[in-house]
file structure_16.txt (compact mmCIF, C-alpha atoms and all ligand atoms)
# COMPACT_ATOMS: atom_id res chain seq x y z
CA MET A 28 16.06 6.60 10.87
CA SER A 29 19.00 6.96 8.47
CA LEU A 30 20.17 10.18 6.84
CA MET A 31 19.92 8.52 3.41
CA ARG A 32 16.25 7.70 4.07
CA ASN A 33 15.51 11.32 4.96
CA VAL A 34 17.33 12.63 1.89
CA LEU A 35 15.49 10.25 -0.45
CA LEU A 36 12.11 11.04 1.12
CA ALA A 37 12.77 14.79 0.84
CA ALA A 38 13.76 14.27 -2.83
CA SER A 39 10.49 12.37 -3.45
CA THR A 40 8.54 15.65 -3.31
CA ASN A 41 10.94 17.68 -5.50
CA PRO A 42 9.27 18.56 -8.86
CA TRP A 43 12.59 19.53 -10.53
CA LEU A 44 14.12 16.13 -9.79
CA ARG A 45 10.89 14.39 -10.81
CA ASP A 46 10.88 16.03 -14.25
CA ARG A 47 14.47 15.05 -14.93
CA ALA A 48 14.48 11.55 -13.44
CA THR A 49 11.36 10.41 -15.28
CA LYS A 50 13.04 11.22 -18.61
CA THR A 51 16.31 9.46 -17.75
CA GLY A 52 16.80 6.02 -19.30
CA PHE A 53 18.69 4.29 -16.49
CA VAL A 54 16.18 5.48 -13.87
CA ARG A 55 13.30 4.19 -15.98
CA ARG A 56 15.11 0.85 -16.36
CA SER A 57 15.69 0.50 -12.63
CA VAL A 58 12.03 1.28 -11.86
CA SER A 59 10.97 -1.75 -13.90
CA ARG A 60 12.21 -3.96 -11.07
CA PHE A 61 9.27 -2.79 -8.92
CA MET A 62 6.72 -2.02 -11.61
CA PRO A 63 5.68 -4.32 -14.47
CA GLY A 64 4.82 -1.31 -16.68
CA GLU A 65 2.94 1.98 -16.86
CA GLN A 66 -0.37 0.61 -18.21
CA ILE A 67 -3.19 -1.33 -16.56
CA ASP A 68 -2.58 -4.12 -19.12
CA ASP A 69 0.94 -4.52 -17.72
CA ALA A 70 -0.47 -4.86 -14.19
CA LEU A 71 -3.13 -7.37 -15.26
CA ARG A 72 -0.48 -9.42 -17.08
CA ALA A 73 1.71 -9.43 -13.95
CA ALA A 74 -1.30 -10.49 -11.86
CA SER A 75 -2.05 -13.40 -14.19
CA GLU A 76 1.61 -14.47 -14.05
CA LEU A 77 1.41 -14.67 -10.24
CA LYS A 78 -1.87 -16.59 -10.26
CA PRO A 79 -0.40 -20.08 -10.96
CA GLN A 80 1.60 -19.77 -7.70
CA GLY A 81 -1.65 -19.14 -5.82
CA ILE A 82 -0.69 -15.48 -5.25
CA THR A 83 -3.57 -13.01 -5.39
CA THR A 84 -3.11 -9.31 -6.07
CA ILE A 85 -4.07 -5.68 -5.46
CA LEU A 86 -3.75 -3.16 -8.29
CA THR A 87 -2.94 0.49 -7.74
CA LYS A 88 -2.42 3.30 -10.21
CA LEU A 89 0.37 5.61 -9.12
CA GLY A 90 -0.42 9.26 -8.50
CA GLU A 91 -1.09 11.49 -5.51
CA ASN A 92 -1.82 15.06 -4.45
CA LEU A 93 -3.81 15.94 -7.56
CA THR A 94 -4.31 19.63 -8.22
CA ARG A 95 -7.33 19.58 -10.54
CA VAL A 96 -10.87 18.25 -10.12
CA ASP A 97 -10.92 16.78 -13.63
CA GLU A 98 -7.85 14.65 -12.75
CA ALA A 99 -9.75 13.12 -9.81
CA GLU A 100 -12.60 12.34 -12.20
CA GLN A 101 -10.16 10.63 -14.61
CA VAL A 102 -8.72 8.52 -11.80
CA THR A 103 -12.22 7.51 -10.64
CA LEU A 104 -13.27 6.55 -14.16
CA HIS A 105 -10.04 4.60 -14.53
CA TYR A 106 -10.66 2.56 -11.36
CA LEU A 107 -14.30 1.91 -12.34
CA ASP A 108 -12.98 0.43 -15.57
CA VAL A 109 -10.32 -1.55 -13.69
CA LEU A 110 -13.03 -3.15 -11.52
CA ASP A 111 -14.86 -4.18 -14.70
CA ARG A 112 -11.70 -5.52 -16.30
CA ILE A 113 -10.77 -7.54 -13.22
CA ALA A 114 -14.25 -9.10 -13.22
CA ALA A 115 -13.90 -9.97 -16.91
CA SER A 116 -10.43 -11.46 -16.36
CA GLY A 117 -11.47 -13.86 -13.60
CA LEU A 118 -8.47 -12.74 -11.50
CA ASP A 119 -8.67 -12.45 -7.70
CA ALA A 120 -7.39 -8.85 -7.74
CA GLN A 121 -8.55 -5.99 -5.52
CA ILE A 122 -7.82 -2.28 -5.95
CA SER A 123 -6.08 0.20 -3.67
CA VAL A 124 -6.59 3.97 -3.94
CA LYS A 125 -5.00 7.05 -2.42
CA PRO A 126 -7.62 9.52 -1.14
CA THR A 127 -5.68 12.44 -2.63
CA GLN A 128 -6.03 10.74 -6.04
CA LEU A 129 -9.80 10.92 -5.60
CA GLY A 130 -9.63 14.61 -4.71
CA LEU A 131 -9.23 14.64 -0.89
CA GLY A 132 -6.83 17.60 -1.00
CA LEU A 133 -9.16 19.57 -3.29
CA ASP A 134 -12.70 19.01 -2.06
CA ARG A 135 -13.62 16.50 0.60
CA SER A 136 -17.19 15.92 -0.59
CA LEU A 137 -15.96 15.29 -4.13
CA CYS A 138 -13.58 12.66 -2.75
CA GLU A 139 -16.47 11.05 -0.80
CA ARG A 140 -18.61 10.91 -3.93
CA ASN A 141 -15.78 9.37 -5.95
CA LEU A 142 -15.14 6.73 -3.29
CA ASP A 143 -18.90 6.00 -3.15
CA ARG A 144 -18.81 5.31 -6.90
CA LEU A 145 -15.92 2.88 -6.46
CA ILE A 146 -17.49 0.96 -3.59
CA ALA A 147 -20.80 0.75 -5.47
CA ARG A 148 -18.98 -0.79 -8.44
CA ALA A 149 -17.01 -3.09 -6.10
CA GLU A 150 -20.37 -4.30 -4.69
CA GLN A 151 -21.62 -5.02 -8.22
CA ARG A 152 -18.41 -6.78 -9.19
CA ASN A 153 -17.95 -8.71 -5.96
CA ASN A 154 -14.68 -6.91 -5.32
CA PHE A 155 -12.94 -4.87 -2.63
CA VAL A 156 -11.42 -1.38 -2.30
CA TRP A 157 -8.41 -0.62 -0.10
CA VAL A 158 -7.73 2.94 1.01
CA ASP A 159 -4.01 3.75 1.26
CA MET A 160 -2.74 5.92 4.08
CA GLU A 161 -0.68 8.95 3.02
CA GLY A 162 1.28 11.56 5.03
CA SER A 163 0.18 12.35 8.61
CA PRO A 164 -1.92 15.50 7.78
CA TYR A 165 -4.26 13.18 5.84
CA VAL A 166 -4.81 10.60 8.60
CA ASP A 167 -7.89 12.22 10.19
CA PRO A 168 -9.68 13.02 6.92
CA THR A 169 -8.82 9.55 5.57
CA LEU A 170 -10.20 7.85 8.68
CA ASP A 171 -13.38 9.97 8.44
CA LEU A 172 -13.75 9.02 4.80
CA PHE A 173 -13.20 5.36 5.62
CA ARG A 174 -15.65 5.27 8.56
CA ARG A 175 -18.32 6.89 6.42
CA SER A 176 -17.86 4.27 3.68
CA ARG A 177 -17.54 1.35 6.11
CA ALA A 178 -21.01 2.24 7.45
CA LYS A 179 -22.31 1.45 3.94
CA THR A 180 -20.26 -1.59 2.97
CA ALA A 181 -17.80 -4.16 4.27
CA ARG A 182 -16.06 -4.13 0.87
CA ILE A 183 -13.57 -1.52 2.00
CA GLY A 184 -10.36 -1.65 4.02
CA ILE A 185 -7.81 0.87 5.27
CA ALA A 186 -4.04 1.04 5.69
CA LEU A 187 -2.67 2.17 9.06
CA GLN A 188 0.96 3.02 9.79
CA ALA A 189 2.88 1.49 12.69
CA TYR A 190 5.33 4.42 12.82
CA LEU A 191 2.61 6.80 14.07
CA TYR A 192 2.09 7.08 17.84
CA ARG A 193 -1.64 7.55 17.28
CA THR A 194 -2.22 4.27 15.40
CA GLU A 195 -2.69 2.17 18.53
CA LYS A 196 -5.71 4.33 19.48
CA ASP A 197 -7.01 4.33 15.89
CA VAL A 198 -6.84 0.53 15.80
CA GLU A 199 -8.69 0.29 19.11
CA SER A 200 -11.45 2.58 17.84
CA LEU A 201 -11.89 0.48 14.68
CA VAL A 202 -11.88 -2.99 16.30
CA PRO A 203 -15.58 -2.89 17.36
CA LEU A 204 -16.61 -2.16 13.74
CA GLY A 205 -15.05 -5.33 12.30
CA VAL A 206 -12.71 -3.77 9.82
CA ALA A 207 -10.26 -4.84 7.11
CA ILE A 208 -6.96 -3.26 8.13
CA ARG A 209 -3.59 -3.31 6.38
CA ILE A 210 -0.81 -2.67 8.85
CA VAL A 211 2.29 -1.11 7.25
CA LYS A 212 5.36 0.43 8.84
CA GLY A 213 4.82 3.77 7.03
CA ALA A 214 6.56 5.25 4.00
CA TYR A 215 6.56 9.06 4.48
CA LEU A 216 8.93 11.54 6.09
CA GLU A 217 7.33 12.26 9.48
CA PRO A 218 8.61 14.40 12.38
CA PRO A 219 9.39 12.85 15.80
CA GLU A 220 6.34 14.66 17.24
CA VAL A 221 4.04 12.25 15.39
CA ALA A 222 6.12 9.17 14.54
CA PHE A 223 8.63 6.89 16.30
CA PRO A 224 12.07 8.01 15.12
CA LYS A 225 13.66 4.63 15.96
CA LYS A 226 13.10 1.70 13.61
CA SER A 227 13.14 -0.79 16.51
CA ASP A 228 10.17 1.06 18.07
CA VAL A 229 8.29 0.97 14.76
CA ASP A 230 8.93 -2.78 14.49
CA ALA A 231 7.77 -3.38 18.08
CA ASN A 232 4.62 -1.35 17.47
CA TYR A 233 3.99 -3.28 14.25
CA TYR A 234 3.96 -6.58 16.13
CA LYS A 235 1.79 -5.13 18.89
CA LEU A 236 -0.81 -3.74 16.45
CA CYS A 237 -0.99 -6.98 14.46
CA THR A 238 -1.39 -9.20 17.51
CA ARG A 239 -4.14 -6.85 18.74
CA LEU A 240 -5.96 -7.27 15.42
CA LEU A 241 -5.50 -11.06 15.48
CA ALA A 242 -6.94 -11.40 19.01
CA ALA A 243 -10.19 -13.33 19.37
CA ASP A 244 -12.30 -10.26 20.24
CA ALA A 245 -11.17 -8.48 17.04
CA ARG A 246 -12.39 -11.30 14.79
CA LYS A 247 -15.74 -9.96 13.66
CA PRO A 248 -17.61 -10.25 10.35
CA GLY A 249 -15.77 -8.09 7.80
CA ALA A 250 -12.54 -8.04 9.78
CA ILE A 251 -9.31 -9.14 8.14
CA LEU A 252 -5.70 -8.17 8.83
CA HIS A 253 -3.22 -7.58 6.03
CA ILE A 254 0.26 -8.18 7.39
CA ALA A 255 1.90 -5.89 4.82
CA THR A 256 5.64 -6.14 5.31
CA HIS A 257 8.81 -7.53 3.72
CA ASP A 258 10.39 -7.84 7.15
CA ILE A 259 10.67 -11.63 7.18
CA PRO A 260 11.72 -12.12 10.85
CA LEU A 261 8.73 -9.96 11.86
CA ALA A 262 6.35 -11.83 9.55
CA ASP A 263 7.70 -15.16 10.86
CA ARG A 264 7.15 -14.04 14.48
CA LEU A 265 3.58 -13.19 13.59
CA ALA A 266 3.17 -16.56 11.84
CA THR A 267 4.30 -18.24 15.07
CA TYR A 268 1.78 -16.17 17.07
CA ILE A 269 -0.92 -17.20 14.58
CA THR A 270 -0.11 -20.92 14.97
CA GLN A 271 0.17 -20.78 18.75
CA ASN A 272 -3.12 -18.93 19.10
CA HIS A 273 -5.04 -20.97 16.50
CA VAL A 274 -5.93 -17.86 14.51
CA PRO A 275 -8.16 -18.97 11.60
CA GLU A 276 -6.79 -18.49 8.07
CA SER A 277 -9.73 -16.26 7.17
CA ALA A 278 -8.52 -13.65 9.71
CA TYR A 279 -5.39 -12.55 7.86
CA GLU A 280 -3.35 -12.42 4.65
CA PHE A 281 0.26 -11.53 4.08
CA ALA A 282 0.83 -8.67 1.64
CA MET A 283 3.96 -7.51 -0.18
CA LEU A 284 4.90 -5.19 -3.01
CA TYR A 285 5.57 -6.45 -6.53
CA GLY A 286 9.26 -7.18 -7.09
CA ILE A 287 10.33 -7.02 -3.42
CA GLN A 288 11.45 -10.22 -1.63
CA ARG A 289 10.37 -12.33 -4.63
CA GLY A 290 11.99 -15.45 -3.13
CA GLN A 291 10.12 -15.00 0.14
CA GLN A 292 6.89 -14.40 -1.75
CA ALA A 293 7.38 -17.75 -3.51
CA ARG A 294 8.18 -19.43 -0.18
CA LEU A 295 5.00 -18.12 1.49
CA ALA A 296 2.95 -19.29 -1.49
CA ARG A 297 4.63 -22.73 -1.49
CA ASP A 298 3.90 -23.05 2.26
CA GLY A 299 0.22 -22.49 1.48
CA LYS A 300 0.05 -19.06 3.16
CA ARG A 301 -2.40 -16.54 1.74
CA LEU A 302 -0.35 -13.81 0.04
CA ARG A 303 -1.51 -10.73 -1.87
CA VAL A 304 0.99 -8.79 -3.94
CA LEU A 305 0.33 -5.12 -4.55
CA ILE A 306 1.14 -4.21 -8.15
CA SER A 307 1.69 -0.54 -8.96
CA TYR A 308 1.51 0.89 -12.45
CA GLY A 309 1.17 4.32 -14.03
CA GLU A 310 3.18 7.20 -15.36
CA TYR A 311 3.40 9.18 -12.13
CA TRP A 312 5.94 6.87 -10.45
CA PHE A 313 8.69 9.22 -9.22
CA PRO A 314 7.61 9.94 -5.58
CA TRP A 315 6.54 6.32 -5.12
CA TYR A 316 9.87 5.05 -6.50
CA MET A 317 11.85 7.35 -4.22
CA ARG A 318 9.93 5.95 -1.24
CA ARG A 319 10.91 2.41 -2.37
CA LEU A 320 14.58 3.49 -2.55
CA ALA A 321 14.32 5.07 0.90
CA GLU A 322 13.06 1.79 2.36
CA ARG A 323 16.30 0.12 1.39
CA PRO A 324 19.13 2.52 0.59
CA ALA A 325 21.05 -0.46 -0.91
CA ASN A 326 18.59 -0.06 -3.81
CA VAL A 327 20.40 3.16 -4.70
CA TRP A 328 23.46 1.04 -5.63
CA PHE A 329 21.19 -1.00 -7.86
CA VAL A 330 20.25 2.25 -9.66
CA VAL A 331 23.93 3.17 -9.97
CA ARG A 332 24.76 -0.28 -11.38
CA THR A 333 21.92 0.11 -13.90
CA MET A 334 23.41 3.47 -14.92
CA PHE A 335 26.67 1.72 -15.91
CA GLY A 336 24.82 -0.93 -17.90
C1 LIG A 401 1.00 -4.27 0.48
C2 LIG A 401 1.63 -2.99 0.97
C3 LIG A 401 0.88 -1.83 1.01
C4 LIG A 401 1.45 -0.64 1.49
N1 LIG A 401 0.65 0.47 1.64
C5 LIG A 401 1.16 1.57 2.26
C6 LIG A 401 0.32 2.68 2.59
O1 LIG A 401 -0.88 2.70 2.31
N2 LIG A 401 0.89 3.74 3.24
C7 LIG A 401 2.22 3.75 3.60
O2 LIG A 401 2.67 4.72 4.22
N3 LIG A 401 3.03 2.72 3.28
C8 LIG A 401 2.54 1.63 2.63
N4 LIG A 401 3.37 0.58 2.35
C9 LIG A 401 4.85 0.72 2.51
C10 LIG A 401 5.29 0.47 3.95
O3 LIG A 401 4.86 1.52 4.79
C11 LIG A 401 6.82 0.36 4.06
O4 LIG A 401 7.40 1.57 3.65
C12 LIG A 401 7.41 -0.76 3.24
O5 LIG A 401 6.60 -1.90 3.24
C13 LIG A 401 8.82 -1.14 3.79
O6 LIG A 401 8.70 -1.59 5.10
P1 LIG A 401 8.78 -3.13 5.52
O7 LIG A 401 7.61 -3.42 6.38
O8 LIG A 401 8.91 -3.99 4.33
O9 LIG A 401 10.02 -3.26 6.48
P2 LIG A 401 11.53 -2.76 6.38
O10 LIG A 401 12.09 -2.96 7.74
O11 LIG A 401 11.61 -1.42 5.76
O12 LIG A 401 12.17 -3.79 5.39
C14 LIG A 401 12.42 -5.14 5.75
C15 LIG A 401 13.27 -5.78 4.68
O13 LIG A 401 12.51 -5.88 3.47
C16 LIG A 401 13.31 -5.58 2.36
N5 LIG A 401 12.78 -4.37 1.71
C17 LIG A 401 11.91 -3.47 2.21
N6 LIG A 401 11.63 -2.51 1.33
C18 LIG A 401 12.39 -2.80 0.24
C19 LIG A 401 12.57 -2.18 -1.00
N7 LIG A 401 11.93 -1.05 -1.32
N8 LIG A 401 13.41 -2.76 -1.89
C20 LIG A 401 14.06 -3.90 -1.61
N9 LIG A 401 13.92 -4.54 -0.43
C21 LIG A 401 13.12 -3.99 0.47
C22 LIG A 401 14.70 -5.37 2.86
O14 LIG A 401 15.39 -6.60 2.84
C23 LIG A 401 14.50 -4.93 4.28
O15 LIG A 401 15.59 -5.22 5.10
C24 LIG A 401 2.82 -0.62 1.88
C25 LIG A 401 3.56 -1.81 1.85
C26 LIG A 401 3.00 -2.98 1.42
C27 LIG A 401 3.81 -4.23 1.43

call {"tool": "encode", "arguments": {"input": "structure_16.txt", "output": "structure tokens"}}
result
Amino acid sequence: MSLMRNVLLAASTNPWLRDRATKTGFVRRSVSRFMPGEQIDDALRAASELKPQGITTILTKLGENLTRVDEAEQVTLHYLDVLDRIAASGLDAQISVKPTQLGLGLDRSLCERNLDRLIARAEQRNNFVWVDMEGSPYVDPTLDLFRRSRAKTARIGIALQAYLYRTEKDVESLVPLGVAIRIVKGAYLEPPEVAFPKKSDVDANYYKLCTRLLAADARKPGAILHIATHDIPLADRLATYITQNHVPESAYEFAMLYGIQRGQQARLARDGKRLRVLISYGEYWFPWYMRRLAERPANVWFVVRTMFG
């Protein structure tokens, strides 16, 4: 993986840079490309603007690695309200949460209780909760959390990262349960002991994991694959696999991030493909934004251009 990617990912966890960047005008302006605003109202507005194209959404409030229990409570209350507001809006919008936002790094049982509250509300509101996958030390606790919740409801799904060697085994262990899985390449800085260092290996594993989850024996009640990538050749190869193997439409959706590959998002929607766009909002956007820059270092030039007006 490139040096620039590693530098940007290392910078994403630097509190000094975070404090300065979030107060800098040109950085704030360049973030708006990927984020419709800091408030839930901004995200709901963006979701309703995508609706006429047939694009459905997932809403996520930025934030991670909380350090206080009362912050986890605030996040939980916020998402409970979001589930109510989505129901009132009539939008087809799900939510996606980071376990460390619900308190995973502070107290595991607190995090379980908070997730229980969200899935109970999702049941009431006929909605769905996605669990994001964070850095590799969180994979085991996140999978435990997910399995525990999946035993209670099918209204929950989990993200798994193709860059991790272990993911193939994790997928295999989840297939018998009939699970909603979002396959992503992976956004964190991981050492070669746990993750493929070469992008071509990550891409090959991505295809392998998705085709495994699209296979006939993986299609169980509750199972759905989110093909969450902006890698168009890879998504097109998977679309070809889907056609050739007569995979039913109910077995998968494409998923992309707000503001990335907008033209391709419109193309998928025009072609009648099911596409969900994940919309992020919130004040704590610095680490998330640095990960977006790291995914495409050319974005750094966009920031520089914004700096000069
Ligand atoms: C719906 C969704 C949910 C996600 N959830 C998680 C999660 O829970 N955990 C996690 O670790 N990661 C998550 N990610 C991020 C993911 O891991 C990747 O970091 C990200 O999607 C970039 O990889 P890619 O698959 O698009 O392929 P890449 O090979 O990185 O990119 C393919 C092409 O897409 C375009 N592109 C990609 N990223 C950008 C960008 N930031 N700006 C502009 N163009 C870009 C470029 O043209 C690039 O050449 C999620 C991604 C999506 C779409």

call {"tool": "residues_around", "arguments": {"input": "structure_16.txt", "residues": "Ile113 (chain A)", "least_positions_apart": "3", "cutoff": "12 Å", "atoms": "all atoms listed in the file", "output": "list in words"}}
result
Ile67, Asp68, Ala70, Leu71, Arg72, Ala74, Ser75, Thr83, Thr84, Ile85, Leu86, Tyr106, Leu107, Asp108, Val109, Leu110, Ser116, Gly117, Leu118, Asp119, Ala120, Gln121, Ile122, Arg148, Ala149, Arg152, Asn153, Asn154 and Phe155 of chain A

call {"tool": "closest_residue", "arguments": {"input": "structure_16.txt", "among": "A:Asp197, A:Glu91, A:Glu65, A:Asp143", "to": "ligand LIG 401 (chain A)", "atoms": "all atoms listed in the file"}}
result
A:Glu91

call {"tool": "residues_around", "arguments": {"input": "structure_16.txt", "residues": "Thr180 (chain A)", "least_positions_apart": "4", "cutoff": "12 Å", "atoms": "all atoms listed in the file", "output": "PyMOL selection string"}}
result
chain A and resi 142-143+145-151+153-156+173-176+184+204-207+248-249

call {"tool": "atom_distance", "arguments": {"input": "structure_16.txt", "atom1": "CA of Val327 (chain A)", "atom2": "CA of Met31 (chain A)"}}
result
9.7 Å

call {"tool": "closest_atom_pairs", "arguments": {"input": "structure_16.txt", "of": "chain A", "to": "ligand LIG 401 (chain A)", "cutoff": "9 Å", "atoms": "all atoms listed in the file", "output": "CSV"}}
result
residue,atom,partner,partner_atom,distance
A:Phe61,CA,A:LIG401,N8,8.2
A:Ile85,CA,A:LIG401,C1,7.9
A:Ser123,CA,A:LIG401,O1,8.3
A:Val124,CA,A:LIG401,O1,8.6
A:Lys125,CA,A:LIG401,O1,7.6
A:Trp157,CA,A:LIG401,O1,8.6
A:Val158,CA,A:LIG401,O1,7.0
A:Asp159,CA,A:LIG401,O1,3.5
A:Met160,CA,A:LIG401,O1,4.1
A:Glu161,CA,A:LIG401,N2,5.4
A:Gly162,CA,A:LIG401,O2,7.0
A:Ile185,CA,A:LIG401,O1,7.8
A:Ala186,CA,A:LIG401,O1,4.9
A:Leu187,CA,A:LIG401,N2,7.0
A:Gln188,CA,A:LIG401,O2,6.1
A:Ala189,CA,A:LIG401,O3,8.1
A:Tyr190,CA,A:LIG401,O3,8.6
A:Arg209,CA,A:LIG401,C3,7.1
A:Ile210,CA,A:LIG401,C4,8.0
A:Val211,CA,A:LIG401,O3,4.4
A:Lys212,CA,A:LIG401,O3,4.2
A:Gly213,CA,A:LIG401,O3,3.2
A:Ala214,CA,A:LIG401,O4,3.8
A:Tyr215,CA,A:LIG401,O2,5.8
A:Lys226,CA,A:LIG401,O10,7.6
A:Val229,CA,A:LIG401,O10,8.9
A:Asp230,CA,A:LIG401,O10,7.5
A:Tyr233,CA,A:LIG401,O7,8.7
A:His253,CA,A:LIG401,C1,7.7
A:Ile254,CA,A:LIG401,C1,8.0
A:Ala255,CA,A:LIG401,C27,4.2
A:Thr256,CA,A:LIG401,O7,3.5
A:His257,CA,A:LIG401,O8,3.6
A:Asp258,CA,A:LIG401,C14,3.7
A:Ile259,CA,A:LIG401,C14,6.9
A:Pro260,CA,A:LIG401,C14,8.7
A:Leu261,CA,A:LIG401,O7,8.6
A:Phe281,CA,A:LIG401,C1,8.1
A:Ala282,CA,A:LIG401,C1,4.6
A:Met283,CA,A:LIG401,C27,3.7
A:Leu284,CA,A:LIG401,C27,4.7
A:Tyr285,CA,A:LIG401,C27,8.4
A:Gly286,CA,A:LIG401,N8,8.0
A:Ile287,CA,A:LIG401,C20,5.2
A:Gln288,CA,A:LIG401,N9,6.3
A:Arg303,CA,A:LIG401,C1,7.3
A:Val304,CA,A:LIG401,C1,6.3
A:Leu305,CA,A:LIG401,C1,5.1
A:Ile306,CA,A:LIG401,C1,8.6
A:Tyr316,CA,A:LIG401,N7,8.3
A:Met317,CA,A:LIG401,N7,8.9
A:Arg318,CA,A:LIG401,O4,7.0
A:Arg319,CA,A:LIG401,N7,3.8
A:Leu320,CA,A:LIG401,N7,5.4
A:Ala321,CA,A:LIG401,N7,6.9
A:Glu322,CA,A:LIG401,N6,4.6
A:Arg323,CA,A:LIG401,C19,5.0
A:Pro324,CA,A:LIG401,N8,8.2
A:Ala325,CA,A:LIG401,C20,7.8
A:Asn326,CA,A:LIG401,N8,6.1

call {"tool": "atom_distance", "arguments": {"input": "structure_16.txt", "atom1": "CA of Pro126 (chain A)", "atom2": "CA of Asp171 (chain A)"}}
result
11.2 Å

call {"tool": "atom_distance", "arguments": {"input": "structure_16.txt", "atom1": "CA of Ser136 (chain A)", "atom2": "CA of Leu93 (chain A)"}}
result
15.1 Å

call {"tool": "closest_residue", "arguments": {"input": "structure_16.txt", "among": "A:Pro168, A:Leu44, A:Asp263, A:Phe313", "to": "Gln291 (chain A)", "atoms": "all atoms listed in the file"}}
result
A:Asp263

call {"tool": "residues_around", "arguments": {"input": "structure_16.txt", "residues": "Glu276 (chain A)", "least_positions_apart": "6", "cutoff": "10 Å", "atoms": "all atoms listed in the file", "output": "VMD selection string"}}
result
chain A and resid 251 269 to 270 300 to 301

call {"tool": "closest_residue", "arguments": {"input": "structure_16.txt", "among": "A:Phe223, A:Trp43, A:Tyr268, A:Tyr311", "to": "Leu89 (chain A)", "atoms": "all atoms listed in the file"}}
result
A:Tyr311

call {"tool": "closest_residue", "arguments": {"input": "structure_16.txt", "among": "A:Gln80, A:Pro314, A:Ala73, A:Leu170", "to": "Arg297 (chain A)", "atoms": "only C-alpha atoms"}}
result
A:Gln80

call {"tool": "closest_residue", "arguments": {"input": "structure_16.txt", "among": "A:Val221, A:Val202, A:Ile208, A:Leu77", "to": "Asp244 (chain A)", "atoms": "all atoms listed in the file"}}
result
A:Val202

call {"tool": "closest_residue", "arguments": {"input": "structure_16.txt", "among": "A:Ser57, A:Asn272, A:Ser200, A:Thr194", "to": "Asn232 (chain A)", "atoms": "only C-alpha atoms"}}
result
A:Thr194
